[in-house]
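What follows is a single structure, written as structure tokens, with notes after it.
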Amino acid sequence: MIEQIRAWLTGGAERQAQTRDDLELALCALLIEAADSDDHFDEQERQVISGLLECRLNLSPPRARALLEAGERAAERSAELFHFTRIINERLSRDERIELIEMLFEVAYADGVLDEFEDSLVRRVGGLIYVSDSERGLARRRVLTRRGLDDAV
């Protein structure tokens, strides 16, 4: 009871909800950056991102669509990745950051091909969120295997 009162007085529940919203928005914006890094953000990539948001963040389809729209606006307004990756580093564990790299590869391989700009973005994000090259390579391999593209590399 005292913890509830303390949380109410300090706005704990609101702050917790805002923290989750900020994290979801940062994740979504990075996925959109990966999709748009080759200057071609299409419906197929939108569907992949929406599916990832639904599955990995346990969001309803309407909530995932709303987050996707908010993520597009956030990505358009931001000129840098640092703001998003700072939130990721503050709030995600090492394993969760590796999972984000896998999600980025899922988006990059939505069309079956990893473009050089998509690869560059995933590499930069990996560096900014402290995912090593070897961990990034293993994440890429898992995505290729899941998508049935592992013979292509």
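We name chains A, B, ... following the order of the structure tokens; residues begin at 1 in each chain, and ligands are numbered from 1 as shown.
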
List every residue of region 16-69 of chain A that has an atom at most 12 Å from any atom of region 101-123 of chain A, giving for each one its closest atom pair and the distance in Å to one decimal, counting only C-alpha atoms, sorted by chain and then by ascending residue number, as a Markdown table.
```
| residue | atom | partner | partner_atom | distance |
| --- | --- | --- | --- | --- |
| A:Leu27 | CA | A:Met103 | CA | 9.4 |
| A:Cys28 | CA | A:Leu104 | CA | 9.9 |
| A:Ala29 | CA | A:Leu104 | CA | 10.7 |
| A:Leu30 | CA | A:Leu104 | CA | 7.6 |
| A:Leu31 | CA | A:Leu104 | CA | 5.7 |
| A:Ile32 | CA | A:Val107 | CA | 8.3 |
| A:Glu33 | CA | A:Leu121 | CA | 7.9 |
| A:Ala34 | CA | A:Glu118 | CA | 5.7 |
| A:Ala35 | CA | A:Val107 | CA | 6.0 |
| A:Asp36 | CA | A:Glu118 | CA | 8.2 |
| A:Ser37 | CA | A:Glu118 | CA | 5.5 |
| A:Asp38 | CA | A:Phe117 | CA | 5.6 |
| A:Asp39 | CA | A:Phe117 | CA | 9.0 |
| A:His40 | CA | A:Glu118 | CA | 10.7 |
| A:Phe41 | CA | A:Val107 | CA | 10.1 |
| A:Asp42 | CA | A:Asp111 | CA | 9.7 |
| A:Glu43 | CA | A:Ala110 | CA | 10.1 |
| A:Gln44 | CA | A:Ala110 | CA | 6.7 |
| A:Glu45 | CA | A:Ala110 | CA | 5.8 |
| A:Arg46 | CA | A:Val107 | CA | 8.6 |
| A:Gln47 | CA | A:Ala110 | CA | 9.1 |
| A:Val48 | CA | A:Val107 | CA | 6.2 |
| A:Ile49 | CA | A:Val107 | CA | 6.5 |
| A:Ser50 | CA | A:Val107 | CA | 10.2 |
| A:Gly51 | CA | A:Val107 | CA | 10.3 |
| A:Leu52 | CA | A:Met103 | CA | 7.1 |
| A:Leu53 | CA | A:Met103 | CA | 9.5 |
| A:Cys55 | CA | A:Met103 | CA | 10.9 |
| A:Arg56 | CA | A:Met103 | CA | 8.9 |
| A:Leu57 | CA | A:Met103 | CA | 11.4 |
```

Residue contacts of Gly137 (chain A) (12 Å, only C-alpha atoms) excluding same-chain residues fewer than 2 positions away, as a PyMOL selection string
chain A and resi 98+101-102+105+119+122-123+126+131-135+139-144+153

Output of the above residues as a compact mmCIF listing (two decimals), in the first residue's frame, restricted to C-alpha atoms:
```
# COMPACT_ATOMS: atom_id res chain seq x y z
CA ILE A 98 21.08 -8.68 -30.03
CA ILE A 101 19.86 -6.55 -34.43
CA GLU A 102 17.95 -9.64 -35.60
CA PHE A 105 18.07 -7.84 -40.33
CA ASP A 119 24.07 -3.42 -44.04
CA VAL A 122 22.78 -2.37 -39.10
CA ARG A 123 26.55 -2.22 -38.57
CA GLY A 126 25.27 -2.57 -33.73
CA VAL A 131 26.66 -5.59 -30.17
CA SER A 132 29.93 -7.07 -31.42
CA ASP A 133 30.59 -7.92 -35.05
CA SER A 134 30.54 -11.63 -34.23
CA GLU A 135 27.20 -11.35 -32.42
CA ALA A 139 22.13 -12.68 -35.65
CA ARG A 140 22.30 -12.24 -39.42
CA ARG A 141 22.84 -15.98 -39.90
CA ARG A 142 19.77 -16.78 -37.75
CA VAL A 143 17.63 -14.44 -39.84
CA LEU A 144 18.94 -15.92 -43.09
CA VAL A 153 25.35 -16.25 -48.68
```

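Between Glu90 (chain A) and the candidates A:Leu59, A:Ala74, A:Leu128, A:Ala64, the tightest atom-to-atom separation, counting only C-alpha atoms, involves A:Leu128.
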